[in-house]
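Data file: input23.cif. Format and content: mmCIF, C-alpha atoms.
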```cif
data_data
loop_
_atom_site.label_atom_id
_atom_site.label_comp_id
_atom_site.auth_asym_id
_atom_site.auth_seq_id
_atom_site.Cartn_x
_atom_site.Cartn_y
_atom_site.Cartn_z
CA MET A 992 310.13 87.51 187.00
CA LEU A 993 309.67 89.44 183.76
CA PHE A 994 306.85 87.11 182.77
CA VAL A 995 305.02 87.73 186.08
CA VAL A 996 305.36 91.51 185.74
CA GLY A 997 304.09 91.33 182.16
CA LEU A 998 301.14 89.18 183.21
CA ILE A 999 300.22 91.62 185.99
CA GLY A 1000 300.39 94.48 183.46
CA VAL A 1001 298.06 92.68 181.04
CA LEU A 1002 295.56 91.86 183.79
CA ALA A 1003 295.64 95.42 185.08
CA SER A 1004 295.03 96.84 181.59
CA MET A 1005 292.01 94.55 181.22
CA ALA A 1006 290.58 95.57 184.60
CA ILE A 1007 290.89 99.36 184.26
CA PRO A 1008 288.00 99.88 181.78
CA GLY A 1009 285.67 97.86 184.02
CA MET A 1010 286.76 99.83 187.04
CA MET A 1011 286.17 103.15 185.24
CA LYS A 1012 282.71 102.00 184.15
CA ALA A 1013 281.85 101.02 187.73
CA ARG A 1014 283.16 104.36 188.98
CA GLY A 1015 280.96 106.22 186.47
CA ALA A 1016 277.91 104.18 187.50
CA ALA A 1017 278.56 104.94 191.17
CA GLN A 1018 278.91 108.66 190.45
CA ALA A 1019 275.69 108.68 188.41
CA ALA A 1020 273.84 106.89 191.22
CA SER A 1021 275.15 109.46 193.69
CA ALA A 1022 274.02 112.29 191.39
CA LEU A 1023 270.52 110.82 191.20
CA GLY A 1024 270.40 110.56 194.99
CA THR A 1025 271.51 114.17 195.34
CA LEU A 1026 268.83 115.38 192.90
CA ARG A 1027 266.22 113.42 194.88
CA LEU A 1028 267.51 115.16 198.00
CA VAL A 1029 267.15 118.57 196.32
CA ASN A 1030 263.59 117.68 195.26
CA SER A 1031 262.76 116.68 198.82
CA ALA A 1032 264.30 119.87 200.24
CA GLU A 1033 262.36 122.04 197.79
CA LEU A 1034 259.10 120.27 198.64
CA SER A 1035 259.77 120.69 202.36
CA PHE A 1036 260.52 124.38 201.80
CA ALA A 1037 257.32 124.90 199.80
CA ILE A 1038 255.16 123.14 202.41
CA THR A 1039 256.67 124.49 205.61
CA CYS A 1040 258.21 127.83 204.73
CA GLY A 1041 257.40 129.06 201.22
CA LEU A 1042 253.60 128.95 201.41
CA GLY A 1043 253.46 126.92 198.19
CA PHE A 1044 256.41 128.62 196.51
CA TYR A 1045 259.89 127.16 196.05
CA ALA A 1046 263.36 128.40 196.98
CA PRO A 1047 264.96 130.18 194.00
CA ASP A 1048 268.51 129.04 194.82
CA LEU A 1049 270.63 126.72 196.93
CA PRO A 1050 271.66 129.26 199.62
CA THR A 1051 267.97 129.81 200.49
CA LEU A 1052 267.66 126.09 201.25
CA GLY A 1053 270.61 126.48 203.62
CA SER A 1054 268.69 128.78 205.99
CA PRO A 1055 266.72 126.87 208.61
CA PRO A 1056 263.14 127.87 209.42
CA PRO A 1057 262.47 129.45 212.83
CA GLY A 1058 262.63 126.96 215.67
CA ALA A 1059 264.52 124.37 213.59
CA THR A 1060 268.12 123.41 214.10
CA ASP A 1061 268.65 122.00 210.61
CA ALA A 1062 268.31 123.68 207.24
CA PHE A 1063 266.53 122.12 204.28
CA LEU A 1064 269.89 121.08 202.76
CA ALA A 1065 273.32 120.52 204.30
CA ASP A 1066 275.88 123.34 204.42
CA GLU A 1067 278.19 121.75 201.83
CA MET A 1068 275.37 121.96 199.26
CA THR A 1069 274.16 125.49 200.00
CA GLY A 1070 277.26 127.66 200.27
CA ASP A 1071 277.08 128.91 196.68
CA VAL A 1072 274.83 128.82 193.62
CA THR A 1073 276.52 125.58 192.52
CA PHE A 1074 278.31 122.77 194.31
CA VAL A 1075 280.42 119.77 193.31
CA ARG A 1076 279.71 116.32 194.68
CA SER A 1077 280.81 112.85 193.53
CA GLY A 1078 282.09 113.97 190.14
CA TYR A 1079 279.07 116.16 189.25
CA THR A 1080 278.40 119.90 189.35
CA PHE A 1081 274.94 120.70 190.69
CA SER A 1082 272.94 123.88 190.20
CA LEU A 1083 269.46 125.09 191.12
CA ALA A 1084 267.55 128.07 189.77
CA GLY A 1085 264.05 129.43 190.08
CA THR A 1086 262.44 132.55 188.63
CA SER A 1087 261.15 134.91 191.29
CA HIS A 1088 257.44 135.68 191.19
CA PRO A 1089 256.10 139.08 192.29
CA SER A 1090 253.11 137.57 194.12
CA ALA A 1091 255.23 135.22 196.23
CA PRO A 1092 254.94 135.92 199.96
CA ALA A 1093 257.94 136.28 202.23
CA SER A 1094 259.19 132.93 203.50
CA CYS A 1095 259.66 131.98 207.11
CA ASN A 1096 263.45 131.67 206.73
CA GLY A 1097 264.15 135.22 205.59
CA LEU A 1098 263.43 135.22 201.85
CA GLY A 1099 261.67 138.49 201.03
CA ALA A 1100 258.28 138.95 199.40
CA GLY A 1101 258.38 138.46 195.64
CA GLN A 1102 261.59 136.43 195.74
CA ALA A 1103 260.28 132.84 195.93
CA SER A 1104 259.59 130.89 192.77
CA PRO A 1105 256.52 129.00 191.50
CA GLY A 1106 258.91 126.34 190.14
CA TYR A 1107 262.59 125.42 189.99
CA ALA A 1108 265.07 123.57 187.79
CA ALA A 1109 268.01 121.60 189.17
CA THR A 1110 270.72 120.02 187.04
CA ALA A 1111 273.71 117.72 187.48
CA ASP A 1112 276.51 117.84 184.91
CA PRO A 1113 279.49 115.46 185.07
CA ILE A 1114 282.91 116.97 185.62
CA ASP A 1115 284.61 114.18 183.65
CA SER A 1116 283.82 114.69 179.97
CA THR A 1117 284.03 110.95 179.27
CA ASP A 1118 280.86 110.29 181.29
CA MET A 1119 277.98 111.40 179.13
CA ARG A 1120 275.16 111.10 181.68
CA PHE A 1121 273.57 114.46 182.40
CA PHE A 1122 270.59 114.79 184.75
CA GLY A 1123 267.93 117.38 185.50
CA THR A 1124 264.79 117.73 187.57
CA ASN A 1125 262.23 120.38 188.38
CA SER A 1126 259.20 121.10 190.55
CA ASP A 1127 257.35 118.15 188.99
CA GLY A 1128 259.78 115.88 190.87
CA VAL A 1129 260.69 113.77 187.81
CA ILE A 1130 264.40 113.25 187.07
CA PHE A 1131 265.43 113.30 183.41
CA ARG A 1132 268.64 112.07 181.77
CA HIS A 1133 270.23 113.12 178.53
CA THR A 1134 273.53 112.82 176.65
CA ALA A 1135 274.03 116.61 176.76
CA SER A 1136 273.66 119.16 179.52
CA LEU A 1137 270.12 120.07 180.56
CA SER A 1138 271.30 123.28 182.28
CA ALA A 1139 270.06 125.62 179.56
CA THR A 1140 266.91 123.70 178.60
CA MET A 1141 265.47 122.31 181.85
CA PRO A 1142 262.15 124.11 182.46
CA GLU A 1143 260.95 124.89 185.97
CA ILE A 1144 257.75 122.96 185.32
CA GLY A 1145 257.15 120.15 182.80
CA PRO A 1146 259.47 117.93 180.77
CA PRO A 1147 262.57 119.27 179.00
CA PRO A 1148 262.60 119.39 175.19
CA ALA A 1149 265.20 116.59 175.13
CA GLY A 1150 266.00 113.70 177.44
CA SER A 1151 264.00 110.90 178.95
CA PRO A 1152 262.55 110.37 182.41
CA ILE A 1153 264.25 107.92 184.74
CA GLN A 1154 261.85 105.21 185.84
#
```

Show me the file's structure as structure tokens.
Amino acid sequence: MLFVVGLIGVLASMAIPGMMKARGAAQAASALGTLRLVNSAELSFAITCGLGFYAPDLPTLGSPPPGATDAFLADEMTGDVTFVRSGYTFSLAGTSHPSAPASCNGLGAGQASPGYAATADPIDSTDMRFFGTNSDGVIFRHTASLSATMPEIGPPPAGSPIQ
């Protein structure tokens, strides 16, 4: 009996690193999907509601346009300036532009943004995959957070695009 318990312990200790690696890969894939969703929501906002300008924050994407039943993003992603999903913290920011018109979903004149930057930082410090995207629609990855360096338009100073 002791031999069987010991064997199970050895097998379990060999399987845990593989399971953690698979968990990290699944979380990273979910983060990429969420950033693609944010890009899509921002593009929809700019085309249908922002007259070419983007939403400056997540709560703005949570307000549906007139006549629509659904917002640009789901409620669980737009309740605050950041949200947590699948082991990542997501944020979105855009710099307001004075010439931006009022949007159809209640954003005032001069509050919309000509660009935006969205980032995903892992909650678990052992997973060193950080992601960011902007109004260009390209998602970048890096081994450090892109929160402070992700521009609203163009590539970040560090990181590489995901193909």

How many Å separate atom CA of A:Met1141 from atom CA of A:Thr1073?
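Pair atom CA of A:Met1141 / atom CA of A:Thr1073 returns 15.7 Å.
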
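Taking all atoms listed in the file into account, A:Thr1039 lies nearest to A:Cys1095 out of the set A:Cys1095, A:Val996, A:Ile1130, A:Ala1139.
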
Practice item. Run the PyMOL selection byres ((chain A and resi 1092) around 9) on the file and write out the hits as a list in words. Key: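 For this structure, the PyMOL selection byres ((chain A and resi 1092) around 9) resolves to Gly1041, Leu1042, Phe1044, Pro1089, Ser1090, Ala1091, Ala1093, Ser1094, Leu1098, Gly1099, Ala1100, Gly1101, Gln1102 and Ala1103 of chain A.
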
Using the chain letters and numbers from the file, which residues does the PyMOL selection byres ((chain A and resi 1117-1123) around 9) grab, as an mmCIF file with C-alpha atoms, in the frame of the given file?
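And here's selection_8.cif as it stands now:
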```cif
data_model
loop_
_atom_site.group_PDB
_atom_site.id
_atom_site.type_symbol
_atom_site.label_atom_id
_atom_site.label_comp_id
_atom_site.auth_asym_id
_atom_site.auth_seq_id
_atom_site.Cartn_x
_atom_site.Cartn_y
_atom_site.Cartn_z
ATOM 1 C CA LYS A 1012 282.710 102.000 184.150
ATOM 2 C CA GLY A 1015 280.960 106.220 186.470
ATOM 3 C CA ALA A 1019 275.690 108.680 188.410
ATOM 4 C CA ALA A 1022 274.020 112.290 191.390
ATOM 5 C CA LEU A 1023 270.520 110.820 191.200
ATOM 6 C CA LEU A 1026 268.830 115.380 192.900
ATOM 7 C CA TYR A 1079 279.070 116.160 189.250
ATOM 8 C CA ALA A 1108 265.070 123.570 187.790
ATOM 9 C CA ALA A 1109 268.010 121.600 189.170
ATOM 10 C CA THR A 1110 270.720 120.020 187.040
ATOM 11 C CA ALA A 1111 273.710 117.720 187.480
ATOM 12 C CA ASP A 1112 276.510 117.840 184.910
ATOM 13 C CA PRO A 1113 279.490 115.460 185.070
ATOM 14 C CA ILE A 1114 282.910 116.970 185.620
ATOM 15 C CA ASP A 1115 284.610 114.180 183.650
ATOM 16 C CA SER A 1116 283.820 114.690 179.970
ATOM 17 C CA THR A 1124 264.790 117.730 187.570
ATOM 18 C CA ASN A 1125 262.230 120.380 188.380
ATOM 19 C CA VAL A 1129 260.690 113.770 187.810
ATOM 20 C CA ILE A 1130 264.400 113.250 187.070
ATOM 21 C CA PHE A 1131 265.430 113.300 183.410
ATOM 22 C CA ARG A 1132 268.640 112.070 181.770
ATOM 23 C CA HIS A 1133 270.230 113.120 178.530
ATOM 24 C CA THR A 1134 273.530 112.820 176.650
ATOM 25 C CA ALA A 1135 274.030 116.610 176.760
ATOM 26 C CA SER A 1136 273.660 119.160 179.520
ATOM 27 C CA LEU A 1137 270.120 120.070 180.560
ATOM 28 C CA SER A 1138 271.300 123.280 182.280
ATOM 29 C CA MET A 1141 265.470 122.310 181.850
ATOM 30 C CA PRO A 1147 262.570 119.270 179.000
ATOM 31 C CA GLY A 1150 266.000 113.700 177.440
#
```

What does the distance from atom CA of A:Arg1076 to atom CA of A:Ala1062 come to in Å, to one decimal?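 Between atom CA of A:Arg1076 and atom CA of A:Ala1062 the gap works out to 18.5 Å.
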